Amino acid sequence: MNALLSLSNDLAGAVERVRGAVVAVNARPRLPSTGVHWRPGIIVTADHTVRSDEDITIIGVDGRTVAASLVGRDPGTDLAVLRVHDTDLPVAELGDPASLKVGHIVLALGHGPRASWGVVSALGGRWRTWRGGEIDQLMRLDLTLYPGFSGGPLVDVQGRVVGINTSGLSRQLELAIPVSTVARVADELIDTGHVSRGFLGVGLQPARLPEAFRRRLAVASEIGLIVVNVQPDGPAAKAGLQLGDVLVTLDGAPVAATEDVQAVVGARRVGSTVTATILRAGAPAEMSITVGERPPRRR
Amino acid sequence: MPGDGETHDIRPGIDSDLAAITGRLRRITVQVHGSRAGAGSGVIWISSGLIVTNAHVARGRAGVVLPGGRALEARMLAWDPEHDLAALAIDADGLSAADVGDSDSLRVGDLVVAVGNPLGLTGAVTAGVIHAIGPRRSAGPSLIQADLRLAPGNSGGPLADARGRVIGINAMIAGRLALAVPSNEVARFLGRVRRGAAAVP
């Protein structure tokens, strides 16, 4: 019975090693979420579980409730950073995501601690969330993220944190945000309070493209995006985009949904240029738009 | 050598350990047929024919089917709906009985294995880990919480640790969690049975 028993001991040992760095985060009504003590005084959690900007508290494994302040949030990657003073809780030990392989046994931890186990179901490349954030690696898990587990650590059998779990980036899939992305976003939030993301300043709605136009331009997609709102003095307005223009491609890629625009623009550095093909008054036109910075979200 | 009837495990690993534990648990897991439709599970606690199951499984008259397929009438020794436990006696001896563990020594993350008769299957195994230790608001004070898949029919069956020792009696499904009556609670219950302090319906 040695192999199974040693796996059991490894799993329980992993929980024991990391549990001190796992906290409950009280930032929404009723159901606390989970956070990870990332660096001394810095707690990382899932942005969608931080519903209030104020009156946030965390509860450590010692049962003590400590006030926390919101350092910043990045809805794009579903990460939020909190600061706590006066804590002697241990800091999580981070693992090397490169060592993680499909099929590896992992644990997801919630505050308490509570645990679920499973395997790394799939690993992929860089991907963009539906909220426009860029994540270094797709980490899909075959395990249960119980209520309140979002923001908690994904832990390998050695007890090292390899990701932050969230149910906020997909309705169907259990996903983790790899530690490299967490480190990048947390650093930016600590330094500047927000994560800058490309922005055009337009409201768009899907619209069917005229058949003749599609033939003339050999556009594959049947749908473009009609401009229904232009933010005054925004990046698109400065470039000359007008109400009623139909956006057909951005940097050569057809855009048929607002997510397609976010995928191109969200990834671009503020100040860089994107080339847009538009349909204006029945005629195609090209224009260059200098990407601006998305203003912080108002709540 | 392959083919000579002996199986040599060249890699004594997790899978063979799990198979061995499952085999042992199957020999101590019985089907319990209560007055309601559908079979539940039960654990042979003592080799002379003491079966432990859930109170909600063995309501009224109960019949027991041993792992080998032998069907026996069971006599209800005690019935404790508060702890969801029942003790049955069958007229049998020399049975394989549970190796009982200490449920107070469980840690979050410990591997656990359940065997039972979910949805008509006999001796099905599922594996998981201990989810949390301590009271759970929505499920009573003292149940083991495991991140483990159970189905109706698992009720009354064993939850065992990585050594194959029975540490609980599977009792409930709460969302995706398995809830089990701790083996130490079973020991207290059987203590009351021995002292004649447990109710007989």
# chains A, B, ... in the order shown; residues from 1 in each chain; ligands from 1
$ residues_around --residues "stretch 171-177 of chain A" --least-positions-apart "6" --cutoff "10 Å" --atoms "only C-alpha atoms" --output "list in words"
Ala46, Thr77, Asp78, Leu79, Ala108, Val120, Ser121, Ala122, Ile135, Asp136, Gln137, Leu138, Met139, Arg140, Leu141, Asp142, Leu143, Thr144, Leu145, Ser150, Gly151, Gly152, Pro153, Leu154, Val162, Gly163, Ile164 and Asn165 of chain A
$ residues_around --residues "B:Asp161" --least-positions-apart "5" --cutoff "8 Å" --atoms "only C-alpha atoms" --output "list in words"
Gly101, Asp110, Leu111, Val112, Val113, Val166 and Ile167 of chain B
$ write_last_selection --atoms "C-alpha atoms" --output "tab-separated table (two decimals), in the first residue's frame"
chain	number	residue	atom	x	y	z
B	101	GLY	CA	-9.60	3.46	11.07
B	110	ASP	CA	-6.10	12.78	2.39
B	111	LEU	CA	-7.12	10.29	-0.28
B	112	VAL	CA	-10.36	8.43	0.34
B	113	VAL	CA	-12.11	5.62	-1.50
B	166	VAL	CA	-12.93	2.25	6.95
B	167	ILE	CA	-13.17	5.79	8.31
$ residues_around --residues "stretch 86-92 of chain B" --least-positions-apart "5" --cutoff "10 Å" --atoms "only C-alpha atoms" --output "VMD selection string"
chain B and resid 32 42 to 59 62 to 64 66 71 to 81 156 186 189 to 190 193 198 to 200
$ closest_atom_pairs --of "chain B" --to "chain A" --cutoff "9 Å" --atoms "only C-alpha atoms" --output "Markdown table"
| residue | atom | partner | partner_atom | distance |
| --- | --- | --- | --- | --- |
| B:Pro12 | CA | A:Ala3 | CA | 7.4 |
| B:Gly13 | CA | A:Ala3 | CA | 5.3 |
| B:Ile14 | CA | A:Leu4 | CA | 4.9 |
| B:Asp15 | CA | A:Leu4 | CA | 8.0 |
| B:Ser16 | CA | A:Met1 | CA | 8.5 |
| B:Asp17 | CA | A:Met1 | CA | 5.3 |
| B:Leu18 | CA | A:Leu4 | CA | 6.9 |
| B:Ala20 | CA | A:Met1 | CA | 8.3 |
| B:Ile21 | CA | A:Met1 | CA | 8.3 |
| B:Arg107 | CA | A:Ala12 | CA | 6.0 |
| B:Val108 | CA | A:Ala12 | CA | 5.8 |
| B:Gly109 | CA | A:Ala12 | CA | 4.2 |
| B:Asp110 | CA | A:Ser8 | CA | 4.9 |
| B:Leu111 | CA | A:Ser8 | CA | 4.8 |
| B:Val112 | CA | A:Ser8 | CA | 8.3 |
| B:Gly128 | CA | A:Trp117 | CA | 6.9 |
| B:Val129 | CA | A:Trp117 | CA | 6.5 |
| B:Ile130 | CA | A:Ala115 | CA | 7.0 |
| B:His131 | CA | A:Ala115 | CA | 4.6 |
| B:Ala132 | CA | A:Arg114 | CA | 4.7 |
| B:Ile133 | CA | A:Arg114 | CA | 7.9 |
| B:Ala146 | CA | A:Ser116 | CA | 8.3 |
| B:Asp147 | CA | A:Ser116 | CA | 5.5 |
| B:Leu148 | CA | A:Ser116 | CA | 8.6 |
| B:Asp161 | CA | A:Leu5 | CA | 8.5 |
| B:Ala162 | CA | A:Leu5 | CA | 5.1 |
| B:Arg163 | CA | A:Leu5 | CA | 6.4 |
| B:Gly164 | CA | A:Met1 | CA | 8.7 |
| B:Arg176 | CA | A:Thr144 | CA | 7.8 |
$ residues_around --residues "stretch 254-261 of chain A" --least-positions-apart "5" --cutoff "10 Å" --atoms "only C-alpha atoms" --output "PyMOL selection string"
chain A and resi 128-132+199-200+203-208+219-226+247-249+266-267+276-277
$ residues_around --residues "B:Arg26" --least-positions-apart "5" --cutoff "10 Å" --atoms "only C-alpha atoms" --output "VMD selection string"
chain B and resid 20 to 21 43 66 to 68 96 114 to 116 122 to 125 157 to 158
$ write_last_selection --atoms "N, CA and C atoms" --output "mmCIF file, in the first residue's frame"
data_model
loop_
_atom_site.group_PDB
_atom_site.id
_atom_site.type_symbol
_atom_site.label_atom_id
_atom_site.label_comp_id
_atom_site.auth_asym_id
_atom_site.auth_seq_id
_atom_site.Cartn_x
_atom_site.Cartn_y
_atom_site.Cartn_z
ATOM 1 N N ALA B 20 -6.127 -3.198 -5.007
ATOM 2 C CA ALA B 20 -6.089 -4.088 -3.844
ATOM 3 C C ALA B 20 -7.064 -3.607 -2.771
ATOM 4 N N ILE B 21 -7.062 -2.297 -2.518
ATOM 5 C CA ILE B 21 -7.978 -1.744 -1.511
ATOM 6 C C ILE B 21 -9.423 -1.946 -1.935
ATOM 7 N N VAL B 43 -21.829 -2.181 5.606
ATOM 8 C CA VAL B 43 -20.454 -2.607 5.871
ATOM 9 C C VAL B 43 -20.467 -3.741 6.893
ATOM 10 N N LEU B 66 -24.821 -10.720 0.598
ATOM 11 C CA LEU B 66 -23.367 -10.730 0.841
ATOM 12 C C LEU B 66 -22.614 -10.587 -0.487
ATOM 13 N N PRO B 67 -21.323 -10.218 -0.408
ATOM 14 C CA PRO B 67 -20.534 -10.041 -1.630
ATOM 15 C C PRO B 67 -20.596 -11.255 -2.564
ATOM 16 N N GLY B 68 -20.700 -12.454 -2.014
ATOM 17 C CA GLY B 68 -20.766 -13.646 -2.851
ATOM 18 C C GLY B 68 -22.122 -13.867 -3.501
ATOM 19 N N SER B 96 -15.433 -11.662 6.001
ATOM 20 C CA SER B 96 -14.417 -10.605 5.989
ATOM 21 C C SER B 96 -15.054 -9.372 6.606
ATOM 22 N N ALA B 114 -14.471 5.224 -1.864
ATOM 23 C CA ALA B 114 -15.803 4.747 -1.486
ATOM 24 C C ALA B 114 -16.151 3.538 -2.342
ATOM 25 N N VAL B 115 -16.771 2.536 -1.712
ATOM 26 C CA VAL B 115 -17.304 1.390 -2.454
ATOM 27 C C VAL B 115 -18.774 1.262 -2.087
ATOM 28 N N GLY B 116 -19.585 0.938 -3.066
ATOM 29 C CA GLY B 116 -21.006 0.797 -2.790
ATOM 30 C C GLY B 116 -21.746 0.290 -4.000
ATOM 31 N N THR B 122 -23.002 -3.060 -8.540
ATOM 32 C CA THR B 122 -22.529 -3.669 -7.301
ATOM 33 C C THR B 122 -21.028 -3.470 -7.169
ATOM 34 N N GLY B 123 -20.609 -3.002 -6.021
ATOM 35 C CA GLY B 123 -19.187 -2.879 -5.747
ATOM 36 C C GLY B 123 -18.461 -1.848 -6.585
ATOM 37 N N ALA B 124 -19.152 -0.746 -6.887
ATOM 38 C CA ALA B 124 -18.498 0.308 -7.671
ATOM 39 C C ALA B 124 -17.611 1.148 -6.761
ATOM 40 N N VAL B 125 -16.472 1.605 -7.300
ATOM 41 C CA VAL B 125 -15.523 2.382 -6.510
ATOM 42 C C VAL B 125 -15.424 3.807 -7.053
ATOM 43 N N GLY B 157 -22.546 2.485 2.610
ATOM 44 C CA GLY B 157 -21.306 1.820 2.221
ATOM 45 C C GLY B 157 -20.081 2.464 2.845
ATOM 46 N N PRO B 158 -18.924 1.809 2.691
ATOM 47 C CA PRO B 158 -17.713 2.295 3.357
ATOM 48 C C PRO B 158 -17.020 3.446 2.625
#
$ atom_distance --atom1 "atom CA of B:Ser35" --atom2 "atom CA of B:Arg70"
18.9 Å
$ select_by_dssp --residues "stretch 38-241 of chain A" --states "strand (DSSP E or B)" --output "ChimeraX atom specification"
/A:38-39,42-46,56-59,65-74,79-84,94,105-110,114-123,127-128,134-135,139-142,153-156,161-166,174-178,198-199,202-208,223-230
$ closest_residue --among "B:Val100, B:Ala19, B:Leu177, B:Leu119" --to "B:Gly40" --atoms "only C-alpha atoms"
B:Leu119
$ residues_around --residues "A:Trp38" --least-positions-apart "4" --cutoff "9 Å" --atoms "only C-alpha atoms" --output "list in words"
Ala21, Ile42, Ile43, Val44, Val91, Ala92, Glu93, Leu94 and Ala183 of chain A
$ atom_distance --atom1 "atom CA of A:Ala237" --atom2 "atom CA of A:Glu293"
13.9 Å
$ residues_around --residues "A:Ala186" --least-positions-apart "5" --cutoff "12 Å" --atoms "only C-alpha atoms" --output "PyMOL selection string"
chain A and resi 36-39+42-47+70-74+77-83+179-181+191-195
$ closest_residue --among "A:Glu134, A:Asp251, A:Glu211, A:Glu54" --to "A:Ala67" --atoms "only C-alpha atoms"
A:Glu54
$ atom_distance --atom1 "atom CA of A:Gly125" --atom2 "atom CA of A:Leu250"
22.6 Å
$ decode --residues "stretch 278-289 of chain A" --atoms "all heavy atoms" --output "PDB file, in the first residue's frame"
ATOM      1  N   ILE A 278     -13.217  50.130 -43.357  1.00  0.00           N
ATOM      2  CA  ILE A 278     -14.607  50.461 -43.016  1.00  0.00           C
ATOM      3  C   ILE A 278     -15.431  50.597 -44.297  1.00  0.00           C
ATOM      4  O   ILE A 278     -14.898  50.691 -45.400  1.00  0.00           O
ATOM      5  CB  ILE A 278     -14.705  51.766 -42.193  1.00  0.00           C
ATOM      6  CG1 ILE A 278     -14.192  52.954 -42.997  1.00  0.00           C
ATOM      7  CG2 ILE A 278     -13.958  51.640 -40.882  1.00  0.00           C
ATOM      8  CD1 ILE A 278     -14.610  54.295 -42.436  1.00  0.00           C
ATOM      9  N   LEU A 279     -16.715  50.566 -44.079  1.00  0.00           N
ATOM     10  CA  LEU A 279     -17.675  50.798 -45.157  1.00  0.00           C
ATOM     11  C   LEU A 279     -18.408  52.084 -44.795  1.00  0.00           C
ATOM     12  O   LEU A 279     -19.043  52.169 -43.743  1.00  0.00           O
ATOM     13  CB  LEU A 279     -18.636  49.601 -45.222  1.00  0.00           C
ATOM     14  CG  LEU A 279     -19.766  49.627 -46.233  1.00  0.00           C
ATOM     15  CD1 LEU A 279     -19.210  49.721 -47.650  1.00  0.00           C
ATOM     16  CD2 LEU A 279     -20.608  48.368 -46.094  1.00  0.00           C
ATOM     17  N   ARG A 280     -18.231  53.118 -45.652  1.00  0.00           N
ATOM     18  CA  ARG A 280     -18.898  54.400 -45.346  1.00  0.00           C
ATOM     19  C   ARG A 280     -19.707  54.813 -46.560  1.00  0.00           C
ATOM     20  O   ARG A 280     -19.154  54.948 -47.647  1.00  0.00           O
ATOM     21  CB  ARG A 280     -17.866  55.476 -45.012  1.00  0.00           C
ATOM     22  CG  ARG A 280     -18.490  56.855 -44.802  1.00  0.00           C
ATOM     23  CD  ARG A 280     -17.473  57.891 -44.422  1.00  0.00           C
ATOM     24  NE  ARG A 280     -16.953  57.680 -43.068  1.00  0.00           N
ATOM     25  CZ  ARG A 280     -15.927  58.356 -42.570  1.00  0.00           C
ATOM     26  NH1 ARG A 280     -15.296  59.273 -43.301  1.00  0.00           N
ATOM     27  NH2 ARG A 280     -15.509  58.093 -41.353  1.00  0.00           N
ATOM     28  N   ALA A 281     -21.000  54.984 -46.346  1.00  0.00           N
ATOM     29  CA  ALA A 281     -21.905  55.387 -47.425  1.00  0.00           C
ATOM     30  C   ALA A 281     -21.753  54.477 -48.638  1.00  0.00           C
ATOM     31  O   ALA A 281     -21.705  54.924 -49.777  1.00  0.00           O
ATOM     32  CB  ALA A 281     -21.661  56.858 -47.810  1.00  0.00           C
ATOM     33  N   GLY A 282     -21.581  53.171 -48.361  1.00  0.00           N
ATOM     34  CA  GLY A 282     -21.539  52.188 -49.445  1.00  0.00           C
ATOM     35  C   GLY A 282     -20.178  51.992 -50.055  1.00  0.00           C
ATOM     36  O   GLY A 282     -19.998  51.132 -50.914  1.00  0.00           O
ATOM     37  N   ALA A 283     -19.189  52.782 -49.636  1.00  0.00           N
ATOM     38  CA  ALA A 283     -17.860  52.663 -50.255  1.00  0.00           C
ATOM     39  C   ALA A 283     -16.836  52.257 -49.207  1.00  0.00           C
ATOM     40  O   ALA A 283     -16.906  52.703 -48.061  1.00  0.00           O
ATOM     41  CB  ALA A 283     -17.462  53.996 -50.882  1.00  0.00           C
ATOM     42  N   PRO A 284     -15.902  51.404 -49.590  1.00  0.00           N
ATOM     43  CA  PRO A 284     -14.868  51.016 -48.643  1.00  0.00           C
ATOM     44  C   PRO A 284     -13.857  52.132 -48.418  1.00  0.00           C
ATOM     45  O   PRO A 284     -13.616  52.944 -49.311  1.00  0.00           O
ATOM     46  CB  PRO A 284     -14.211  49.805 -49.319  1.00  0.00           C
ATOM     47  CG  PRO A 284     -14.480  49.968 -50.769  1.00  0.00           C
ATOM     48  CD  PRO A 284     -15.751  50.744 -50.907  1.00  0.00           C
ATOM     49  N   ALA A 285     -13.299  52.135 -47.211  1.00  0.00           N
ATOM     50  CA  ALA A 285     -12.251  53.125 -46.912  1.00  0.00           C
ATOM     51  C   ALA A 285     -11.314  52.515 -45.875  1.00  0.00           C
ATOM     52  O   ALA A 285     -11.676  51.559 -45.188  1.00  0.00           O
ATOM     53  CB  ALA A 285     -12.883  54.408 -46.377  1.00  0.00           C
ATOM     54  N   GLU A 286     -10.110  53.032 -45.806  1.00  0.00           N
ATOM     55  CA  GLU A 286      -9.144  52.579 -44.805  1.00  0.00           C
ATOM     56  C   GLU A 286      -8.797  53.733 -43.896  1.00  0.00           C
ATOM     57  O   GLU A 286      -8.742  54.882 -44.340  1.00  0.00           O
ATOM     58  CB  GLU A 286      -7.867  52.065 -45.477  1.00  0.00           C
ATOM     59  CG  GLU A 286      -7.990  50.660 -46.009  1.00  0.00           C
ATOM     60  CD  GLU A 286      -6.696  49.861 -45.860  1.00  0.00           C
ATOM     61  OE1 GLU A 286      -5.648  50.473 -45.559  1.00  0.00           O
ATOM     62  OE2 GLU A 286      -6.768  48.640 -46.044  1.00  0.00           O
ATOM     63  N   MET A 287      -8.571  53.449 -42.646  1.00  0.00           N
ATOM     64  CA  MET A 287      -8.084  54.506 -41.759  1.00  0.00           C
ATOM     65  C   MET A 287      -7.201  53.921 -40.671  1.00  0.00           C
ATOM     66  O   MET A 287      -7.279  52.734 -40.352  1.00  0.00           O
ATOM     67  CB  MET A 287      -9.239  55.301 -41.144  1.00  0.00           C
ATOM     68  CG  MET A 287     -10.152  54.523 -40.223  1.00  0.00           C
ATOM     69  SD  MET A 287     -11.280  55.626 -39.354  1.00  0.00           S
ATOM     70  CE  MET A 287     -12.096  56.465 -40.703  1.00  0.00           C
ATOM     71  N   SER A 288      -6.311  54.758 -40.151  1.00  0.00           N
ATOM     72  CA  SER A 288      -5.435  54.351 -39.056  1.00  0.00           C
ATOM     73  C   SER A 288      -5.956  54.956 -37.766  1.00  0.00           C
ATOM     74  O   SER A 288      -6.277  56.140 -37.729  1.00  0.00           O
ATOM     75  CB  SER A 288      -4.006  54.850 -39.294  1.00  0.00           C
ATOM     76  OG  SER A 288      -3.467  54.189 -40.405  1.00  0.00           O
ATOM     77  N   ILE A 289      -6.045  54.125 -36.759  1.00  0.00           N
ATOM     78  CA  ILE A 289      -6.522  54.615 -35.457  1.00  0.00           C
ATOM     79  C   ILE A 289      -5.409  54.400 -34.437  1.00  0.00           C
ATOM     80  O   ILE A 289      -4.846  53.309 -34.342  1.00  0.00           O
ATOM     81  CB  ILE A 289      -7.787  53.862 -35.006  1.00  0.00           C
ATOM     82  CG1 ILE A 289      -8.850  53.883 -36.110  1.00  0.00           C
ATOM     83  CG2 ILE A 289      -8.327  54.440 -33.707  1.00  0.00           C
ATOM     84  CD1 ILE A 289     -10.083  53.030 -35.823  1.00  0.00           C
TER      85      ILE A 289
END
